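*Asks:* Contents are compact mmCIF, C-alpha atoms (C1' of nucleotides); file name start-v2.txt:
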```
# COMPACT_ATOMS: atom_id res chain seq x y z
CA MET B 1 90.25 132.16 100.49
CA ALA B 2 90.22 128.80 98.85
CA SER B 3 93.58 127.70 97.55
CA ALA B 4 94.44 124.62 95.55
CA ASP B 5 96.53 123.21 98.37
CA PRO B 6 96.57 119.46 97.95
CA GLY B 7 96.43 119.18 101.71
CA ARG B 8 92.92 120.55 101.69
CA PRO B 9 90.49 118.05 103.09
CA GLY B 10 88.29 117.74 100.04
CA PHE B 11 91.05 116.78 97.67
CA GLN B 12 92.18 113.85 99.77
CA LEU B 13 89.02 111.82 99.74
CA PRO B 14 88.72 111.10 96.01
CA LEU B 15 92.43 110.49 95.73
CA LEU B 16 92.38 108.04 98.59
CA LEU B 17 89.41 106.17 97.17
CA LEU B 18 91.11 105.96 93.82
CA ALA B 19 94.35 104.89 95.43
CA GLY B 20 92.56 102.16 97.35
CA PHE B 21 90.87 100.89 94.24
CA ARG B 22 94.05 100.99 92.23
CA THR B 23 96.15 99.14 94.77
CA LEU B 24 93.56 96.37 94.96
CA ILE B 25 93.35 96.10 91.19
CA ASP B 26 97.10 96.26 90.73
CA ASP B 27 97.68 93.61 93.36
CA LEU B 28 94.98 91.45 91.83
CA HIS B 29 96.52 91.54 88.40
CA ALA B 30 100.03 91.06 89.61
CA GLU B 31 98.86 87.92 91.36
CA LEU B 32 96.70 86.81 88.41
CA ALA B 33 99.69 87.15 86.11
CA ARG B 34 101.70 85.04 88.54
CA GLN B 35 98.96 82.40 88.48
CA GLY B 36 98.98 82.07 84.72
CA HIS B 37 96.59 84.81 83.66
CA PRO B 38 98.82 87.59 82.38
CA GLU B 39 96.34 88.45 79.61
CA LEU B 40 93.64 89.53 82.03
CA ARG B 41 93.37 93.31 82.09
CA PRO B 42 91.93 95.37 84.95
CA LEU B 43 88.37 95.41 83.66
CA HIS B 44 88.27 91.86 82.46
CA GLY B 45 87.65 90.36 85.85
CA PHE B 46 84.57 92.52 86.21
CA VAL B 47 83.44 91.61 82.73
CA LEU B 48 83.83 87.90 83.45
CA GLN B 49 81.83 88.35 86.60
CA ALA B 50 79.14 90.17 84.64
CA VAL B 51 79.00 87.38 82.08
CA GLY B 52 78.49 84.91 84.87
CA VAL B 53 78.40 81.15 84.76
CA ASP B 54 75.08 81.16 82.92
CA GLY B 55 76.29 83.30 80.05
CA THR B 56 74.66 86.38 78.64
CA THR B 57 74.36 88.44 75.46
CA ALA B 58 76.19 91.54 74.34
CA THR B 59 73.19 93.76 74.92
CA GLU B 60 72.52 92.39 78.36
CA LEU B 61 76.20 92.59 79.24
CA GLY B 62 76.22 96.21 78.23
CA GLN B 63 73.28 96.90 80.52
CA ARG B 64 74.95 95.12 83.41
CA LEU B 65 78.16 97.05 82.91
CA GLY B 66 76.43 100.33 82.24
CA ILE B 67 78.03 100.69 78.82
CA SER B 68 76.70 100.51 75.28
CA LYS B 69 76.10 97.17 73.63
CA GLN B 70 78.76 98.09 71.07
CA ALA B 71 81.37 98.67 73.75
CA ALA B 72 80.36 95.43 75.41
CA GLY B 73 80.71 93.64 72.09
CA LYS B 74 84.20 94.96 71.59
CA THR B 75 85.30 93.88 75.02
CA VAL B 76 83.88 90.45 74.35
CA ASP B 77 85.84 90.35 71.10
CA ARG B 78 89.05 90.83 73.01
CA LEU B 79 88.21 88.26 75.65
CA VAL B 80 87.24 85.78 72.95
CA ALA B 81 90.56 86.45 71.23
CA VAL B 82 92.50 85.58 74.37
CA GLY B 83 90.38 82.51 75.07
CA TYR B 84 88.31 83.59 78.06
CA LEU B 85 84.92 83.79 76.39
CA ASP B 86 83.00 82.02 73.68
CA ARG B 87 80.18 83.16 71.44
CA VAL B 88 77.62 80.56 70.40
CA ASP B 89 74.48 80.96 68.34
CA ASP B 90 71.18 80.69 70.16
CA PRO B 91 69.14 78.01 68.37
CA ARG B 92 65.92 79.60 69.60
CA ASP B 93 66.68 83.11 68.41
CA ALA B 94 68.96 83.55 65.43
CA ARG B 95 69.62 87.17 66.35
CA ARG B 96 71.22 86.32 69.65
CA ARG B 97 74.79 85.21 70.13
CA VAL B 98 75.17 83.88 73.61
CA ILE B 99 78.40 84.72 75.39
CA THR B 100 79.74 82.01 77.67
CA MET B 101 82.86 81.50 79.68
CA THR B 102 85.45 79.01 78.56
CA PRO B 103 87.14 76.81 81.18
CA LEU B 104 89.97 79.34 81.10
CA GLY B 105 87.47 82.09 81.80
CA VAL B 106 85.98 80.16 84.70
CA ASP B 107 89.45 79.62 86.11
CA GLY B 108 90.32 83.30 85.79
CA LEU B 109 87.12 84.38 87.47
CA ARG B 110 87.51 81.88 90.28
CA ARG B 111 91.06 82.99 90.92
CA SER B 112 90.02 86.65 90.82
CA ALA B 113 87.43 86.01 93.47
CA GLU B 114 89.89 84.13 95.64
CA ILE B 115 92.56 86.77 95.28
CA PHE B 116 90.11 89.54 96.12
CA ASP B 117 89.08 87.60 99.20
CA ARG B 118 92.69 87.27 100.22
CA LEU B 119 93.36 90.96 99.62
CA ARG B 120 90.41 91.86 101.77
CA GLU B 121 91.86 89.58 104.43
CA ARG B 122 95.02 91.67 104.29
CA TRP B 123 92.98 94.78 104.94
CA VAL B 124 91.31 93.04 107.85
CA GLU B 125 94.68 92.06 109.28
CA SER B 126 95.94 95.62 109.05
CA LEU B 127 92.85 97.53 110.08
CA GLY B 128 90.77 95.07 112.02
CA PRO B 129 87.47 93.61 110.92
CA GLU B 130 85.33 96.38 112.39
CA ARG B 131 87.14 99.07 110.47
CA VAL B 132 86.87 97.23 107.18
CA ASP B 133 83.19 96.55 107.78
CA ALA B 134 82.66 100.19 108.66
CA LEU B 135 84.51 101.28 105.56
CA GLU B 136 82.34 99.10 103.36
CA ASP B 137 79.16 100.17 105.11
CA ASP B 138 80.04 103.82 104.77
CA LEU B 139 80.91 103.51 101.12
CA ARG B 140 77.69 101.66 100.52
CA THR B 141 75.85 104.49 102.18
CA MET B 142 77.53 107.25 100.22
CA ALA B 143 78.12 105.69 96.87
CA ALA B 144 76.25 102.54 96.08
CA ALA B 145 72.89 103.89 97.15
CA ASN B 146 72.73 106.70 94.67
CA TRP B 147 74.79 105.19 91.92
CA PHE B 148 74.22 101.57 91.20
CA ARG B 149 73.32 98.22 92.59
CA LEU B 150 76.51 96.32 93.18
CA ASP B 151 75.25 93.12 91.63
CA VAL B 152 74.61 94.93 88.37
CA PRO B 153 77.48 97.31 88.36
CA GLY B 154 78.38 100.12 86.02
CA TRP B 155 81.89 101.48 86.18
CA PHE B 156 83.97 104.00 84.37
CA GLY B 157 82.35 105.61 81.46
CA SER B 158 81.48 109.27 81.59
CA MET Y 1 84.61 76.02 96.77
CA ALA Y 2 85.10 79.48 95.40
CA SER Y 3 82.25 80.73 93.29
CA ALA Y 4 81.97 84.01 91.44
CA ASP Y 5 79.09 85.14 93.61
CA PRO Y 6 79.13 88.94 93.58
CA GLY Y 7 78.09 88.82 97.22
CA ARG Y 8 81.47 87.41 98.11
CA PRO Y 9 83.32 89.70 100.45
CA GLY Y 10 86.35 90.30 98.29
CA PHE Y 11 84.46 91.56 95.29
CA GLN Y 12 82.67 94.27 97.22
CA LEU Y 13 85.65 96.24 98.38
CA PRO Y 14 87.09 97.35 95.02
CA LEU Y 15 83.62 98.04 93.67
CA LEU Y 16 82.74 100.18 96.63
CA LEU Y 17 85.97 102.13 96.41
CA LEU Y 18 85.40 102.73 92.73
CA ALA Y 19 81.80 103.68 93.36
CA GLY Y 20 82.84 106.16 96.01
CA PHE Y 21 85.40 107.72 93.73
CA ARG Y 22 82.99 107.90 90.84
CA THR Y 23 80.20 109.52 92.79
CA LEU Y 24 82.56 112.19 94.05
CA ILE Y 25 83.92 112.86 90.58
CA ASP Y 26 80.51 112.83 88.97
CA ASP Y 27 79.11 115.20 91.57
CA LEU Y 28 82.12 117.46 91.18
CA HIS Y 29 81.72 117.78 87.45
CA ALA Y 30 77.98 118.19 87.57
CA GLU Y 31 78.54 121.10 89.93
CA LEU Y 32 81.47 122.48 87.93
CA ALA Y 33 79.33 122.48 84.81
CA ARG Y 34 76.66 124.36 86.72
CA GLN Y 35 79.25 126.92 87.80
CA GLY Y 36 80.40 127.66 84.27
CA HIS Y 37 83.02 124.99 83.69
CA PRO Y 38 81.30 122.44 81.50
CA GLU Y 39 84.51 121.83 79.54
CA LEU Y 40 86.36 120.42 82.52
CA ARG Y 41 86.63 116.65 82.22
CA PRO Y 42 87.16 114.25 85.13
CA LEU Y 43 90.93 114.25 85.03
CA HIS Y 44 91.37 117.91 84.28
CA GLY Y 45 90.95 119.01 87.85
CA PHE Y 46 93.79 116.76 88.88
CA VAL Y 47 95.91 118.00 86.01
CA LEU Y 48 95.29 121.60 86.99
CA GLN Y 49 96.25 120.77 90.50
CA ALA Y 50 99.43 119.12 89.27
CA VAL Y 51 100.31 122.14 87.16
CA GLY Y 52 99.93 124.30 90.23
CA VAL Y 53 100.04 128.04 90.55
CA ASP Y 54 103.76 128.13 89.79
CA GLY Y 55 103.48 126.34 86.46
CA THR Y 56 105.49 123.41 85.26
CA THR Y 57 106.73 121.69 82.12
CA ALA Y 58 105.35 118.77 80.17
CA THR Y 59 108.08 116.43 81.35
CA GLU Y 60 107.66 117.41 84.97
CA LEU Y 61 103.89 117.21 84.71
CA GLY Y 62 104.21 113.70 83.34
CA GLN Y 63 106.33 112.72 86.31
CA ARG Y 64 103.86 114.23 88.76
CA LEU Y 65 100.97 112.44 87.12
CA GLY Y 66 102.84 109.21 86.65
CA ILE Y 67 102.34 109.26 82.89
CA SER Y 68 104.66 109.80 79.94
CA LYS Y 69 105.69 113.28 78.91
CA GLN Y 70 103.90 112.70 75.60
CA ALA Y 71 100.63 111.90 77.30
CA ALA Y 72 101.06 114.91 79.54
CA GLY Y 73 101.68 117.04 76.47
CA LYS Y 74 98.49 115.88 74.84
CA THR Y 75 96.42 116.62 77.90
CA VAL Y 76 97.97 120.06 78.06
CA ASP Y 77 97.06 120.56 74.40
CA ARG Y 78 93.42 119.97 75.23
CA LEU Y 79 93.44 122.23 78.25
CA VAL Y 80 95.15 124.95 76.25
CA ALA Y 81 92.50 124.56 73.57
CA VAL Y 82 89.70 125.15 76.06
CA GLY Y 83 91.50 128.06 77.69
CA TYR Y 84 92.58 126.61 81.02
CA LEU Y 85 96.31 126.50 80.42
CA ASP Y 86 98.95 128.50 78.59
CA ARG Y 87 102.30 127.55 77.18
CA VAL Y 88 105.03 130.16 77.23
CA ASP Y 89 108.64 129.92 76.12
CA ASP Y 90 111.27 129.90 78.84
CA PRO Y 91 113.73 132.70 78.00
CA ARG Y 92 116.46 130.92 79.97
CA ASP Y 93 116.08 127.54 78.24
CA ALA Y 94 114.79 127.49 74.71
CA ARG Y 95 113.93 123.80 74.98
CA ARG Y 96 111.41 124.31 77.74
CA ARG Y 97 107.84 125.48 77.27
CA VAL Y 98 106.45 126.44 80.63
CA ILE Y 99 102.84 125.51 81.28
CA THR Y 100 100.87 127.98 83.37
CA MET Y 101 97.30 128.35 84.41
CA THR Y 102 95.13 131.02 82.86
CA PRO Y 103 92.72 132.96 85.08
CA LEU Y 104 90.05 130.55 83.88
CA GLY Y 105 92.24 127.65 84.99
CA VAL Y 106 92.77 129.22 88.39
CA ASP Y 107 89.05 129.71 88.74
CA GLY Y 108 88.32 126.11 87.77
CA LEU Y 109 90.86 124.76 90.21
CA ARG Y 110 89.61 126.95 93.04
CA ARG Y 111 86.04 125.88 92.42
CA SER Y 112 87.09 122.23 92.25
CA ALA Y 113 88.71 122.53 95.62
CA GLU Y 114 85.68 124.22 97.11
CA ILE Y 115 83.28 121.68 95.68
CA PHE Y 116 85.40 118.80 96.93
CA ASP Y 117 85.38 120.37 100.36
CA ARG Y 118 81.62 120.66 100.24
CA LEU Y 119 81.22 117.08 99.09
CA ARG Y 120 83.38 115.89 101.94
CA GLU Y 121 81.12 117.90 104.23
CA ARG Y 122 78.19 115.90 102.91
CA TRP Y 123 79.97 112.70 103.82
CA VAL Y 124 80.63 114.07 107.27
CA GLU Y 125 76.96 114.96 107.67
CA SER Y 126 75.89 111.48 106.69
CA LEU Y 127 78.53 109.40 108.41
CA GLY Y 128 79.86 111.61 111.15
CA PRO Y 129 83.31 113.14 111.31
CA GLU Y 130 84.94 110.17 113.05
CA ARG Y 131 83.85 107.73 110.40
CA VAL Y 132 85.12 109.90 107.57
CA ASP Y 133 88.41 110.45 109.35
CA ALA Y 134 88.69 106.73 109.97
CA LEU Y 135 87.93 106.01 106.36
CA GLU Y 136 90.64 108.36 105.18
CA ASP Y 137 93.13 107.07 107.71
CA ASP Y 138 92.47 103.49 106.74
CA LEU Y 139 92.78 104.21 103.06
CA ARG Y 140 96.01 106.05 103.68
CA THR Y 141 97.29 103.01 105.52
CA MET Y 142 96.34 100.50 102.87
CA ALA Y 143 96.73 102.38 99.64
CA ALA Y 144 98.54 105.64 99.71
CA ALA Y 145 101.50 104.31 101.64
CA ASN Y 146 102.54 101.74 99.10
CA TRP Y 147 101.36 103.47 96.00
CA PHE Y 148 102.09 107.13 95.79
CA ARG Y 149 102.55 110.27 97.76
CA LEU Y 150 99.35 112.21 97.60
CA ASP Y 151 101.06 115.51 96.94
CA VAL Y 152 102.70 114.12 93.81
CA PRO Y 153 100.00 111.85 92.62
CA GLY Y 154 99.91 109.35 89.80
CA TRP Y 155 96.55 108.00 88.79
CA PHE Y 156 95.14 105.65 86.25
CA GLY Y 157 97.58 104.24 83.85
CA SER Y 158 97.86 100.54 83.66
C1' DG D 1 49.88 85.99 55.76
C1' DT D 2 51.52 90.22 55.43
C1' DA D 3 52.73 94.51 57.13
C1' DC D 4 54.82 96.74 60.93
C1' DC D 5 57.67 97.47 64.87
C1' DA D 6 61.06 96.05 68.29
C1' DT D 7 65.32 93.77 69.28
C1' DA D 8 70.26 91.73 68.62
C1' DG D 9 74.42 92.29 66.74
C1' DT D 10 77.71 94.58 63.88
C1' DC D 11 80.18 98.32 61.24
C1' DA D 12 82.12 102.73 60.89
C1' DA D 13 83.70 107.01 62.57
C1' DC D 14 85.14 109.32 66.28
C1' DG D 15 86.88 110.99 71.15
C1' DT D 16 89.95 110.51 75.03
C1' DG D 17 93.63 108.94 77.71
C1' DG D 18 97.29 106.20 77.49
C1' DT D 19 101.83 103.84 75.28
C1' DT D 20 106.61 103.50 72.65
C1' DG D 21 110.06 104.94 69.41
C1' DA D 22 112.31 108.43 66.80
C1' DC D 23 114.02 112.81 66.15
C1' DG D 24 115.60 117.89 66.10
C1' DA D 25 117.06 121.55 68.81
C1' DA D 26 119.08 123.37 72.79
C1' DA D 27 121.75 122.90 77.05
C1' DT D 28 125.66 120.97 79.42
C1' DA D 29 130.04 118.28 80.44
C1' DG D 30 134.51 117.06 79.02
C1' DC Q 1 134.65 121.73 69.94
C1' DT Q 2 132.59 117.51 70.59
C1' DA Q 3 129.77 114.27 73.04
C1' DT Q 4 125.91 113.52 75.80
C1' DT Q 5 121.70 114.63 77.97
C1' DT Q 6 117.31 116.79 78.11
C1' DC Q 7 112.87 118.92 76.25
C1' DG Q 8 109.31 118.93 73.31
C1' DT Q 9 106.99 117.03 69.53
C1' DC Q 10 105.50 113.75 65.81
C1' DA Q 11 103.75 109.42 64.41
C1' DA Q 12 101.84 105.08 65.08
C1' DC Q 13 99.45 102.36 67.95
C1' DC Q 14 96.25 100.36 71.78
C1' DA Q 15 92.26 100.16 75.16
C1' DC Q 16 87.92 101.63 76.19
C1' DG Q 17 84.27 104.32 75.44
C1' DT Q 18 80.64 106.95 72.42
C1' DT Q 19 76.75 107.68 68.61
C1' DG Q 20 74.50 106.67 64.30
C1' DA Q 21 73.29 103.58 60.72
C1' DC Q 22 72.30 99.18 59.06
C1' DT Q 23 70.89 94.00 58.53
C1' DA Q 24 68.56 90.24 60.05
C1' DT Q 25 65.39 88.15 62.89
C1' DG Q 26 61.40 87.83 66.00
C1' DG Q 27 56.82 89.15 67.56
C1' DT Q 28 52.40 91.31 66.93
C1' DA Q 29 48.19 93.37 64.74
C1' DC Q 30 45.18 93.29 61.37
```
When written as C-alpha cells, how does the structure in this file appear?

*Replies:*
Amino acid sequence: MASADPGRPGFQLPLLLLAGFRTLIDDLHAELARQGHPELRPLHGFVLQAVGVDGTTATELGQRLGISKQAAGKTVDRLVAVGYLDRVDDPRDARRRVITMTPLGVDGLRRSAEIFDRLRERWVESLGPERVDALEDDLRTMAAANWFRLDVPGWFGS
Amino acid sequence: MASADPGRPGFQLPLLLLAGFRTLIDDLHAELARQGHPELRPLHGFVLQAVGVDGTTATELGQRLGISKQAAGKTVDRLVAVGYLDRVDDPRDARRRVITMTPLGVDGLRRSAEIFDRLRERWVESLGPERVDALEDDLRTMAAANWFRLDVPGWFGS
DNA sequence: GTACCATAGTCAACGTGGTTGACGAAATAG
DNA sequence: CTATTTCGTCAACCACGTTGACTATGGTAC
C-alpha cells in the first residue's frame, strides 16, 4: 500500500529540483546584495534578462515570461521604482511604451550572469563537468522539451 | 566581457531546475484533478505531507514548512475549507488546536505519492535508472545538504 | 475619409502565499 | 500567586499573479 512516507522515491525528485533551484537563487541574491544590488528580488534577474539590451514592451515581456501583460506591467513598475528599468514613449507608435534597462539594470544583469556562471563552476568543482552536463541534458530532455523554450521562458504562474 | 546571453552556461542551470520542478508539479496536479482532487493546489500536497498522518499544530507546521505560524494557519484554513484537513481542540492543552487529515486528505496525499512515483518512473524510462539516481544524488550534494533536511522541508519563502 | 477592428497600456478587483506586530488565553516556572 | 512562555488568531501589509473593462492609437476595408 502506498504511504505518504517522505522517503518514497517519487517525493524526493521534485523536492530536490526545488532545493537546487532555491539554493542557486538564494546564493545569487546573497551575492548580488553584497555587490550593491540588495533591491533585486529573485524574479528580477529573469525579468531583466527578458527585457534584454534592446528593450521590449509590457505585452511582449508578458509573452516572454509567460504571464499576463498586466502582471508584466506591474513588475516593470517595481523595477522602474528601484531604478533598474525605464519606460520611454515610442515616437512611431503612441500606444507603445518601450521598456529599457538603465545603466543600473545593465550592471545588475551583468553581475547576475557572472554570479550564475560562478555558481555553476562550483557545481562543476563538486560534481565534475560530466555530471553537470548530464544533469542539464537530462533536465532539458524531461522538462524544457515539453514546457518551454529556454530563451523565451515562462516560470511560476499556475 | 560578460553579456546577458541566455545561452550562457550559468543561466541555464536554475532555469532547467525550475522547469523540471514545474513540469513535475504541473503533471501531478493535472493527474490529481483527473482523479477527483481538482481543489488541490501546488503546495497543498507538500502541506498534507507535512501535516502527516499523526497530525500537528499550526506552529509546528510552520516550522516544518519554514514559514511563519500565521502563514501556516492561513493555509490550513484553506485546506479545512475544501475538506482536506480538520482542526480539533486538544483536551490536554486548551491553547492547541490539533490539525489532522480528513479521509479526503489522506486520499489526496496517497494519490500524490503514487503519482509522483509514476512520474519518476517516466523519468527512469526516458533517462535510465542510473541517470536519475545520479541526478538525485548530485542535487542532494549541492542543494539539500546546505539548505534543508528533506524530511522536514521548507520551500519557497524569500 | 470614415467606419471598423486589432493592439498597447492601464485600472480595478480579486486570489494566494507570504510577512510582522499585537494580543488574549492557557500553560508553566518560580 | 505571579511572572513568563507558548499557541492561536487578528489585522495590516507586500509580492506576484489573475480576469475583465476601458481608453487611446494604429491599421485596414470600403

*Asks:* What would chain Y look like once superposed on chain B, with the fit done by least squares over all C-alpha atoms paired in order? Give it as a compact mmCIF listing (two decimals) with C-alpha atoms, in the coordinates of the input.

*Replies:*
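Output (part.txt):
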```txt
# COMPACT_ATOMS: atom_id res chain seq x y z
CA MET Y 1 90.06 132.11 100.65
CA ALA Y 2 90.08 128.82 98.84
CA SER Y 3 93.46 127.76 97.58
CA ALA Y 4 94.35 124.69 95.57
CA ASP Y 5 96.46 123.30 98.39
CA PRO Y 6 96.51 119.53 97.96
CA GLY Y 7 96.40 119.25 101.73
CA ARG Y 8 92.88 120.60 101.69
CA PRO Y 9 90.45 118.10 103.11
CA GLY Y 10 88.23 117.77 100.09
CA PHE Y 11 90.97 116.81 97.69
CA GLN Y 12 92.14 113.89 99.78
CA LEU Y 13 88.99 111.84 99.77
CA PRO Y 14 88.66 111.11 96.04
CA LEU Y 15 92.39 110.52 95.74
CA LEU Y 16 92.37 108.07 98.59
CA LEU Y 17 89.40 106.20 97.20
CA LEU Y 18 91.07 105.98 93.83
CA ALA Y 19 94.33 104.92 95.42
CA GLY Y 20 92.59 102.19 97.36
CA PHE Y 21 90.87 100.91 94.26
CA ARG Y 22 94.04 101.00 92.24
CA THR Y 23 96.14 99.15 94.76
CA LEU Y 24 93.57 96.40 94.97
CA ILE Y 25 93.34 96.11 91.20
CA ASP Y 26 97.07 96.26 90.71
CA ASP Y 27 97.67 93.62 93.35
CA LEU Y 28 94.96 91.45 91.84
CA HIS Y 29 96.48 91.51 88.39
CA ALA Y 30 100.02 91.05 89.60
CA GLU Y 31 98.83 87.92 91.37
CA LEU Y 32 96.67 86.79 88.44
CA ALA Y 33 99.65 87.09 86.13
CA ARG Y 34 101.66 84.99 88.56
CA GLN Y 35 98.91 82.36 88.53
CA GLY Y 36 98.90 82.00 84.76
CA HIS Y 37 96.53 84.75 83.70
CA PRO Y 38 98.78 87.50 82.40
CA GLU Y 39 96.30 88.35 79.64
CA LEU Y 40 93.61 89.46 82.04
CA ARG Y 41 93.36 93.24 82.07
CA PRO Y 42 91.93 95.33 84.91
CA LEU Y 43 88.37 95.39 83.67
CA HIS Y 44 88.25 91.83 82.45
CA GLY Y 45 87.59 90.36 85.85
CA PHE Y 46 84.53 92.53 86.19
CA VAL Y 47 83.40 91.62 82.70
CA LEU Y 48 83.77 87.93 83.45
CA GLN Y 49 81.77 88.40 86.57
CA ALA Y 50 79.08 90.21 84.61
CA VAL Y 51 78.94 87.43 82.03
CA GLY Y 52 78.42 84.96 84.83
CA VAL Y 53 78.29 81.21 84.72
CA ASP Y 54 74.98 81.24 82.86
CA GLY Y 55 76.22 83.37 79.97
CA THR Y 56 74.61 86.43 78.53
CA THR Y 57 74.35 88.48 75.35
CA ALA Y 58 76.19 91.57 74.23
CA THR Y 59 73.19 93.81 74.76
CA GLU Y 60 72.51 92.45 78.21
CA LEU Y 61 76.18 92.64 79.13
CA GLY Y 62 76.22 96.27 78.10
CA GLN Y 63 73.28 96.96 80.37
CA ARG Y 64 74.92 95.18 83.28
CA LEU Y 65 78.13 97.09 82.79
CA GLY Y 66 76.43 100.38 82.11
CA ILE Y 67 78.04 100.71 78.70
CA SER Y 68 76.74 100.51 75.14
CA LYS Y 69 76.14 97.17 73.49
CA GLN Y 70 78.84 98.07 70.96
CA ALA Y 71 81.42 98.65 73.65
CA ALA Y 72 80.39 95.43 75.33
CA GLY Y 73 80.78 93.64 72.01
CA LYS Y 74 84.29 94.92 71.56
CA THR Y 75 85.35 93.84 75.01
CA VAL Y 76 83.89 90.42 74.33
CA ASP Y 77 85.88 90.30 71.09
CA ARG Y 78 89.08 90.75 73.04
CA LEU Y 79 88.19 88.19 75.66
CA VAL Y 80 87.22 85.71 72.97
CA ALA Y 81 90.55 86.35 71.28
CA VAL Y 82 92.48 85.47 74.42
CA GLY Y 83 90.33 82.43 75.12
CA TYR Y 84 88.26 83.53 78.10
CA LEU Y 85 84.89 83.75 76.41
CA ASP Y 86 82.97 81.99 73.67
CA ARG Y 87 80.18 83.12 71.42
CA VAL Y 88 77.62 80.55 70.37
CA ASP Y 89 74.51 80.95 68.24
CA ASP Y 90 71.18 80.72 70.02
CA PRO Y 91 69.15 78.05 68.19
CA ARG Y 92 65.91 79.65 69.41
CA ASP Y 93 66.73 83.18 68.24
CA ALA Y 94 69.03 83.59 65.29
CA ARG Y 95 69.69 87.22 66.19
CA ARG Y 96 71.27 86.39 69.52
CA ARG Y 97 74.83 85.23 70.03
CA VAL Y 98 75.16 83.91 73.54
CA ILE Y 99 78.38 84.73 75.35
CA THR Y 100 79.68 82.03 77.67
CA MET Y 101 82.77 81.51 79.70
CA THR Y 102 85.36 78.99 78.61
CA PRO Y 103 87.02 76.80 81.25
CA LEU Y 104 89.88 79.29 81.17
CA GLY Y 105 87.40 82.08 81.86
CA VAL Y 106 85.90 80.17 84.75
CA ASP Y 107 89.35 79.60 86.16
CA GLY Y 108 90.26 83.28 85.84
CA LEU Y 109 87.08 84.40 87.52
CA ARG Y 110 87.45 81.91 90.35
CA ARG Y 111 91.02 82.99 90.96
CA SER Y 112 90.00 86.65 90.85
CA ALA Y 113 87.44 86.02 93.52
CA GLU Y 114 89.91 84.15 95.68
CA ILE Y 115 92.58 86.80 95.31
CA PHE Y 116 90.12 89.56 96.15
CA ASP Y 117 89.13 87.64 99.25
CA ARG Y 118 92.76 87.32 100.24
CA LEU Y 119 93.42 90.99 99.64
CA ARG Y 120 90.47 91.90 101.81
CA GLU Y 121 91.97 89.64 104.46
CA ARG Y 122 95.12 91.73 104.30
CA TRP Y 123 93.09 94.84 104.95
CA VAL Y 124 91.44 93.13 107.88
CA GLU Y 125 94.83 92.15 109.28
CA SER Y 126 96.08 95.70 109.04
CA LEU Y 127 93.00 97.63 110.08
CA GLY Y 128 90.95 95.16 112.04
CA PRO Y 129 87.64 93.66 110.99
CA GLU Y 130 85.50 96.45 112.45
CA ARG Y 131 87.30 99.14 110.52
CA VAL Y 132 86.99 97.30 107.23
CA ASP Y 133 83.32 96.60 107.86
CA ALA Y 134 82.79 100.24 108.75
CA LEU Y 135 84.60 101.32 105.63
CA GLU Y 136 82.42 99.14 103.45
CA ASP Y 137 79.26 100.19 105.23
CA ASP Y 138 80.11 103.85 104.88
CA LEU Y 139 80.94 103.52 101.22
CA ARG Y 140 77.71 101.66 100.64
CA THR Y 141 75.87 104.51 102.31
CA MET Y 142 77.53 107.27 100.34
CA ALA Y 143 78.18 105.74 96.97
CA ALA Y 144 76.50 102.51 96.15
CA ALA Y 145 73.06 103.67 97.22
CA ASN Y 146 72.79 106.50 94.76
CA TRP Y 147 74.89 105.09 92.01
CA PHE Y 148 74.33 101.48 91.21
CA ARG Y 149 73.36 98.16 92.61
CA LEU Y 150 76.50 96.21 93.23
CA ASP Y 151 75.13 93.02 91.75
CA VAL Y 152 74.49 94.75 88.43
CA PRO Y 153 77.38 97.09 88.36
CA GLY Y 154 78.27 99.87 85.97
CA TRP Y 155 81.75 101.28 86.17
CA PHE Y 156 83.81 103.86 84.43
CA GLY Y 157 82.19 105.55 81.57
CA SER Y 158 81.90 109.25 81.68
```

*Asks:* Counting only C-alpha atoms (C1' of nucleotides), a student should be able to say which residues of chain D come within 8 Å of chain Y; what is the right answer, written as a compact mmCIF listing (two decimals) with C-alpha atoms (C1' of nucleotides), keeping the file's coordinate frame?

*Replies:*
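Below is the file that was written, iface14.txt:
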```txt
# COMPACT_ATOMS: atom_id res chain seq x y z
C1' DG D 17 93.63 108.94 77.71
C1' DG D 18 97.29 106.20 77.49
C1' DA D 25 117.06 121.55 68.81
C1' DA D 26 119.08 123.37 72.79
C1' DA D 27 121.75 122.90 77.05
```

*Asks:* Kindly give the distance, in Å, that separates CA of Leu13 in chain B and CA of Asp27 in chain Y, rounded to a single decimal.

*Replies:* 13.3 Å

*Asks:* As a ChimeraX atom specification, please: the residues near DT2 in chain Q (cut-off 12 Å, all atoms listed in the file, same-chain neighbours under 5 positions excluded).

*Replies:* /D:28-30

*Asks:* Name the residues in contact with His37 in chain Y at a cut-off of 10 Å, using all atoms listed in the file, excluding same-chain residues fewer than 2 positions from it; report them as a VMD selection string.

*Replies:* chain Y and resid 29 to 35 39 to 41 104 to 105 107 to 108 111 to 112

*Asks:* Work out how far apart CA of Leu119 in chain Y and CA of Phe11 in chain B are and give it in Å to one decimal.

*Replies:* 9.9 Å

*Asks:* Might you pull out every residue within 9 Å of range 2-14 of chain D, with only C-alpha atoms (C1' of nucleotides) counted and same-chain residues fewer than 5 positions away left off, and present them as a count of residues only?

*Replies:* 22

*Asks:* Residues of chain Q near chain Y: apply a cut-off of 9 Å, count all atoms listed in the file, and supply the list as a count of residues only.

*Replies:* 4

*Asks:* Please extract range 31-47 of chain B and write it out with C-alpha atoms, as a PDB file, in the first residue's frame.

*Replies:*
```pdb
ATOM      1  CA  GLU B  31      25.979  37.762  -3.648  1.00  0.00           C
ATOM      2  CA  LEU B  32      24.050  40.422  -5.579  1.00  0.00           C
ATOM      3  CA  ALA B  33      23.208  42.166  -2.323  1.00  0.00           C
ATOM      4  CA  ARG B  34      26.883  42.063  -1.404  1.00  0.00           C
ATOM      5  CA  GLN B  35      27.745  43.634  -4.764  1.00  0.00           C
ATOM      6  CA  GLY B  36      25.420  46.573  -4.298  1.00  0.00           C
ATOM      7  CA  HIS B  37      22.128  45.214  -5.590  1.00  0.00           C
ATOM      8  CA  PRO B  38      20.111  44.466  -2.474  1.00  0.00           C
ATOM      9  CA  GLU B  39      16.890  45.615  -4.152  1.00  0.00           C
ATOM     10  CA  LEU B  40      16.958  42.848  -6.731  1.00  0.00           C
ATOM     11  CA  ARG B  41      14.394  40.191  -5.874  1.00  0.00           C
ATOM     12  CA  PRO B  42      14.509  36.572  -7.044  1.00  0.00           C
ATOM     13  CA  LEU B  43      12.494  37.100 -10.199  1.00  0.00           C
ATOM     14  CA  HIS B  44      14.011  40.393 -11.171  1.00  0.00           C
ATOM     15  CA  GLY B  45      17.110  38.906 -12.701  1.00  0.00           C
ATOM     16  CA  PHE B  46      14.956  36.853 -15.019  1.00  0.00           C
ATOM     17  CA  VAL B  47      12.850  39.865 -15.848  1.00  0.00           C
TER      18      VAL B  47
END
```
